[in-house]
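Structure below is model-v1.txt: compact mmCIF, N, CA and C atoms.
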# COMPACT_ATOMS: atom_id res chain seq x y z
N MET A 1 -51.16 -11.73 -43.57
CA MET A 1 -50.78 -12.74 -42.61
C MET A 1 -50.15 -13.90 -43.38
N ASP A 2 -48.98 -14.33 -42.93
CA ASP A 2 -48.29 -15.45 -43.56
C ASP A 2 -48.72 -16.76 -42.91
N ARG A 3 -48.61 -17.84 -43.67
CA ARG A 3 -48.99 -19.17 -43.17
C ARG A 3 -47.76 -20.05 -43.09
N ALA A 4 -47.78 -20.98 -42.16
CA ALA A 4 -46.71 -21.96 -42.01
C ALA A 4 -47.34 -23.28 -41.64
N VAL A 5 -46.62 -24.36 -41.91
CA VAL A 5 -47.09 -25.71 -41.60
C VAL A 5 -46.23 -26.28 -40.48
N VAL A 6 -46.85 -26.94 -39.53
CA VAL A 6 -46.14 -27.56 -38.42
C VAL A 6 -45.79 -28.99 -38.80
N THR A 7 -44.51 -29.38 -38.56
CA THR A 7 -44.07 -30.73 -38.89
C THR A 7 -44.46 -31.70 -37.77
N ALA A 8 -44.19 -32.99 -37.99
CA ALA A 8 -44.48 -34.01 -36.98
C ALA A 8 -43.68 -33.77 -35.71
N LYS A 9 -42.53 -33.10 -35.82
CA LYS A 9 -41.69 -32.80 -34.66
C LYS A 9 -42.12 -31.50 -33.96
N GLY A 10 -43.15 -30.87 -34.47
CA GLY A 10 -43.63 -29.63 -33.87
C GLY A 10 -42.88 -28.40 -34.36
N GLN A 11 -42.11 -28.53 -35.43
CA GLN A 11 -41.35 -27.41 -35.97
C GLN A 11 -42.18 -26.65 -36.99
N SER A 12 -41.93 -25.35 -37.06
CA SER A 12 -42.62 -24.50 -38.01
C SER A 12 -41.60 -23.56 -38.65
N VAL A 13 -41.71 -23.33 -39.95
CA VAL A 13 -40.79 -22.44 -40.64
C VAL A 13 -41.34 -21.02 -40.62
N ILE A 14 -40.51 -20.09 -40.16
CA ILE A 14 -40.90 -18.68 -40.17
C ILE A 14 -40.60 -18.15 -41.57
N PRO A 15 -41.56 -17.53 -42.23
CA PRO A 15 -41.34 -17.04 -43.59
C PRO A 15 -40.15 -16.08 -43.67
N ASP A 16 -39.43 -16.15 -44.80
CA ASP A 16 -38.22 -15.37 -45.02
C ASP A 16 -38.43 -13.87 -44.77
N LYS A 17 -39.55 -13.35 -45.23
CA LYS A 17 -39.84 -11.92 -45.07
C LYS A 17 -39.82 -11.52 -43.59
N LEU A 18 -40.41 -12.35 -42.75
CA LEU A 18 -40.45 -12.06 -41.32
C LEU A 18 -39.10 -12.30 -40.66
N ARG A 19 -38.34 -13.31 -41.10
CA ARG A 19 -37.00 -13.55 -40.56
C ARG A 19 -36.11 -12.35 -40.81
N ARG A 20 -36.17 -11.80 -42.02
CA ARG A 20 -35.36 -10.61 -42.33
C ARG A 20 -35.81 -9.41 -41.51
N LYS A 21 -37.10 -9.22 -41.40
CA LYS A 21 -37.65 -8.06 -40.68
C LYS A 21 -37.22 -8.06 -39.22
N PHE A 22 -37.19 -9.24 -38.58
CA PHE A 22 -36.88 -9.33 -37.16
C PHE A 22 -35.45 -9.77 -36.87
N GLY A 23 -34.62 -9.89 -37.92
CA GLY A 23 -33.22 -10.24 -37.73
C GLY A 23 -33.01 -11.65 -37.21
N ILE A 24 -33.87 -12.56 -37.61
CA ILE A 24 -33.77 -13.95 -37.15
C ILE A 24 -32.84 -14.71 -38.09
N LYS A 25 -31.78 -15.27 -37.51
CA LYS A 25 -30.81 -16.04 -38.28
C LYS A 25 -30.67 -17.42 -37.65
N LYS A 26 -29.89 -18.28 -38.29
CA LYS A 26 -29.66 -19.62 -37.75
C LYS A 26 -29.13 -19.50 -36.33
N GLY A 27 -29.74 -20.21 -35.41
CA GLY A 27 -29.30 -20.20 -34.02
C GLY A 27 -29.98 -19.16 -33.14
N THR A 28 -30.80 -18.28 -33.73
CA THR A 28 -31.50 -17.28 -32.93
C THR A 28 -32.50 -17.98 -32.01
N GLN A 29 -32.44 -17.65 -30.75
CA GLN A 29 -33.40 -18.22 -29.80
C GLN A 29 -34.67 -17.38 -29.83
N ASP A 30 -35.75 -17.98 -29.40
CA ASP A 30 -36.99 -17.23 -29.33
C ASP A 30 -37.74 -17.58 -28.05
N CYS A 31 -38.65 -16.72 -27.73
CA CYS A 31 -39.50 -16.89 -26.56
C CYS A 31 -40.91 -17.16 -27.07
N VAL A 32 -41.50 -18.26 -26.66
CA VAL A 32 -42.85 -18.61 -27.08
C VAL A 32 -43.77 -18.35 -25.88
N TYR A 33 -44.80 -17.58 -26.10
CA TYR A 33 -45.70 -17.20 -25.00
C TYR A 33 -47.15 -17.23 -25.47
N GLU A 34 -48.06 -17.12 -24.50
CA GLU A 34 -49.49 -17.21 -24.79
C GLU A 34 -50.22 -15.97 -24.28
N PRO A 35 -50.30 -14.92 -25.12
CA PRO A 35 -51.05 -13.73 -24.71
C PRO A 35 -52.54 -13.86 -25.04
N ASP A 36 -53.37 -13.83 -24.07
CA ASP A 36 -54.83 -13.86 -24.27
C ASP A 36 -55.31 -15.02 -25.14
N GLY A 37 -54.80 -16.22 -24.88
CA GLY A 37 -55.26 -17.40 -25.60
C GLY A 37 -54.71 -17.56 -27.01
N GLU A 38 -53.74 -16.73 -27.40
CA GLU A 38 -53.11 -16.85 -28.70
C GLU A 38 -51.67 -17.30 -28.51
N LEU A 39 -51.01 -17.64 -29.60
CA LEU A 39 -49.62 -18.06 -29.54
C LEU A 39 -48.74 -16.94 -30.08
N GLY A 40 -47.73 -16.56 -29.31
CA GLY A 40 -46.81 -15.51 -29.74
C GLY A 40 -45.38 -16.01 -29.72
N ILE A 41 -44.58 -15.50 -30.65
CA ILE A 41 -43.17 -15.85 -30.72
C ILE A 41 -42.38 -14.56 -30.78
N LYS A 42 -41.39 -14.43 -29.89
CA LYS A 42 -40.56 -13.23 -29.88
C LYS A 42 -39.11 -13.66 -29.98
N PRO A 43 -38.39 -13.20 -31.03
CA PRO A 43 -36.99 -13.58 -31.15
C PRO A 43 -36.15 -12.91 -30.08
N ILE A 44 -35.19 -13.65 -29.56
CA ILE A 44 -34.27 -13.09 -28.58
C ILE A 44 -32.98 -12.79 -29.35
N ALA A 45 -33.00 -11.69 -30.10
CA ALA A 45 -31.88 -11.27 -30.93
C ALA A 45 -31.06 -10.22 -30.18
N ASP A 46 -29.91 -9.86 -30.73
CA ASP A 46 -29.02 -8.88 -30.10
C ASP A 46 -29.74 -7.57 -29.78
N HIS A 47 -30.55 -7.07 -30.73
CA HIS A 47 -31.23 -5.80 -30.49
C HIS A 47 -32.23 -5.92 -29.34
N TYR A 48 -32.84 -7.07 -29.18
CA TYR A 48 -33.78 -7.28 -28.06
C TYR A 48 -33.04 -7.23 -26.73
N ILE A 49 -31.89 -7.88 -26.68
CA ILE A 49 -31.09 -7.89 -25.45
C ILE A 49 -30.63 -6.47 -25.11
N ARG A 50 -30.19 -5.73 -26.13
CA ARG A 50 -29.74 -4.34 -25.89
C ARG A 50 -30.88 -3.46 -25.39
N ASN A 51 -32.09 -3.66 -25.94
CA ASN A 51 -33.24 -2.86 -25.51
C ASN A 51 -33.63 -3.15 -24.06
N MET A 52 -33.34 -4.35 -23.59
CA MET A 52 -33.69 -4.72 -22.23
C MET A 52 -32.59 -4.33 -21.23
N ALA A 53 -31.47 -3.82 -21.72
CA ALA A 53 -30.35 -3.45 -20.85
C ALA A 53 -30.81 -2.44 -19.81
N GLY A 54 -30.39 -2.64 -18.58
CA GLY A 54 -30.72 -1.74 -17.49
C GLY A 54 -32.00 -2.09 -16.76
N MET A 55 -32.79 -2.98 -17.31
CA MET A 55 -34.08 -3.33 -16.73
C MET A 55 -33.91 -3.98 -15.36
N ALA A 56 -32.87 -4.77 -15.19
CA ALA A 56 -32.67 -5.48 -13.92
C ALA A 56 -31.92 -4.64 -12.89
N GLY A 57 -31.38 -3.48 -13.30
CA GLY A 57 -30.67 -2.62 -12.38
C GLY A 57 -29.36 -3.21 -11.88
N THR A 58 -28.65 -3.94 -12.74
CA THR A 58 -27.40 -4.58 -12.33
C THR A 58 -26.17 -3.83 -12.84
N GLY A 59 -26.37 -2.67 -13.43
CA GLY A 59 -25.24 -1.88 -13.91
C GLY A 59 -24.52 -2.48 -15.11
N GLY A 60 -25.18 -3.27 -15.91
CA GLY A 60 -24.60 -3.84 -17.11
C GLY A 60 -24.00 -5.22 -16.94
N LYS A 61 -23.91 -5.70 -15.71
CA LYS A 61 -23.32 -7.03 -15.49
C LYS A 61 -24.17 -8.13 -16.10
N LEU A 62 -25.48 -7.99 -15.99
CA LEU A 62 -26.38 -9.00 -16.55
C LEU A 62 -26.27 -9.05 -18.07
N LEU A 63 -26.21 -7.88 -18.72
CA LEU A 63 -26.07 -7.84 -20.17
C LEU A 63 -24.79 -8.52 -20.61
N LYS A 64 -23.70 -8.24 -19.92
CA LYS A 64 -22.42 -8.86 -20.26
C LYS A 64 -22.52 -10.38 -20.14
N THR A 65 -23.13 -10.87 -19.09
CA THR A 65 -23.28 -12.30 -18.88
C THR A 65 -24.14 -12.93 -19.97
N LEU A 66 -25.25 -12.28 -20.34
CA LEU A 66 -26.12 -12.78 -21.40
C LEU A 66 -25.40 -12.83 -22.74
N MET A 67 -24.64 -11.78 -23.05
CA MET A 67 -23.92 -11.74 -24.32
C MET A 67 -22.84 -12.82 -24.37
N GLU A 68 -22.16 -13.06 -23.26
CA GLU A 68 -21.15 -14.12 -23.21
C GLU A 68 -21.81 -15.49 -23.42
N GLY A 69 -22.96 -15.70 -22.79
CA GLY A 69 -23.68 -16.95 -22.95
C GLY A 69 -24.14 -17.16 -24.39
N LYS A 70 -24.60 -16.08 -25.01
CA LYS A 70 -25.03 -16.19 -26.41
C LYS A 70 -23.85 -16.50 -27.33
N ALA A 71 -22.69 -15.90 -27.05
CA ALA A 71 -21.49 -16.18 -27.84
C ALA A 71 -21.09 -17.64 -27.72
N LYS A 72 -21.18 -18.20 -26.51
CA LYS A 72 -20.84 -19.62 -26.31
C LYS A 72 -21.80 -20.52 -27.08
N GLU A 73 -23.08 -20.16 -27.08
CA GLU A 73 -24.08 -20.96 -27.80
C GLU A 73 -23.81 -20.95 -29.30
N ARG A 74 -23.36 -19.82 -29.82
CA ARG A 74 -23.06 -19.72 -31.25
C ARG A 74 -21.90 -20.61 -31.65
N GLU A 75 -20.97 -20.80 -30.71
CA GLU A 75 -19.80 -21.66 -30.98
C GLU A 75 -20.20 -23.13 -31.12
N LEU A 76 -21.32 -23.50 -30.50
CA LEU A 76 -21.77 -24.89 -30.55
C LEU A 76 -22.23 -25.16 -31.93
If you convert what's in this file into structure tokens, what do you get?
Amino acid sequence: MDRAVVTAKGQSVIPDKLRRKFGIKKGTQDCVYEPDGELGIKPIADHYIRNMAGMAGTGGKLLKTLMEGKAKEREL
């Protein structure tokens, strides 16, 4: 188990080993959730979006919209 320190702004550094393993790069968004009283972080990376494709039953329109939105965010 890796350790991290939380800053005064509430920021925490994800160890390099885990960033590489999960494909987390600068600008990667994440989902923070609370499963059974614990804290969980799930990166919303390209592979995650692709794995969720078809879940909403929109025939790929939702995936296209999400990918376009992510591309715009990267430009910022």
## Note on the structure
Pairwise distance, CA of Leu18 in chain A with CA of Ile44 in chain A, equals 14.2 Å
### Message
Using only C-alpha atoms and a cutoff of 7 Å, can you tell me which residues are near (-44.3, -18.3, -46.2) in the file's coordinates, and write them out as a PyMOL selection string?
### Response
chain A and resi 2-4+14-16
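The shell of residues at most 7 Å from Asp30 in chain A, with all atoms listed in the file counted and near chain neighbours (fewer than 4 positions) removed, consists of Ile41, Lys42, Pro43, Ile44 and Ala45 of chain A.
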Serialized selection, N, CA and C atoms, as a PDB file, in the frame of the given file:
ATOM      1  N   ILE A  41     -44.580 -15.500 -30.650  1.00  0.00           N
ATOM      2  CA  ILE A  41     -43.170 -15.850 -30.720  1.00  0.00           C
ATOM      3  C   ILE A  41     -42.380 -14.560 -30.780  1.00  0.00           C
ATOM      4  N   LYS A  42     -41.390 -14.430 -29.890  1.00  0.00           N
ATOM      5  CA  LYS A  42     -40.560 -13.230 -29.880  1.00  0.00           C
ATOM      6  C   LYS A  42     -39.110 -13.660 -29.980  1.00  0.00           C
ATOM      7  N   PRO A  43     -38.390 -13.200 -31.030  1.00  0.00           N
ATOM      8  CA  PRO A  43     -36.990 -13.580 -31.150  1.00  0.00           C
ATOM      9  C   PRO A  43     -36.150 -12.910 -30.080  1.00  0.00           C
ATOM     10  N   ILE A  44     -35.190 -13.650 -29.560  1.00  0.00           N
ATOM     11  CA  ILE A  44     -34.270 -13.090 -28.580  1.00  0.00           C
ATOM     12  C   ILE A  44     -32.980 -12.790 -29.350  1.00  0.00           C
ATOM     13  N   ALA A  45     -33.000 -11.690 -30.100  1.00  0.00           N
ATOM     14  CA  ALA A  45     -31.880 -11.270 -30.930  1.00  0.00           C
ATOM     15  C   ALA A  45     -31.060 -10.220 -30.180  1.00  0.00           C
TER      16      ALA A  45
END
#### Entry: Residue list (strand (DSSP E or B), DSSP) for chain A, as a ChimeraX atom specification
/A:6,12,29-33,40-44
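Pairwise distance (CA of Leu66 in chain A, atom N of Arg50 in chain A) equals 9.4 Å.
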### Task
Report the residues of chain A whose backbone DSSP state falls under helix (DSSP H, G or I), written as a ChimeraX atom specification.
/A:16-22,46-51,61-75
### Task
Just give me the residues with any atom within 12 Å of (-26.7, -14.8, -23.7), file coordinates, counting only C-alpha atoms, written as a ChimeraX atom specification.
/A:27-30,44-46,48-50,61-74
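One distance worth recording is that between atom N of Gln11 in chain A and CA of Asn51 in chain A, which is 28.9 Å.
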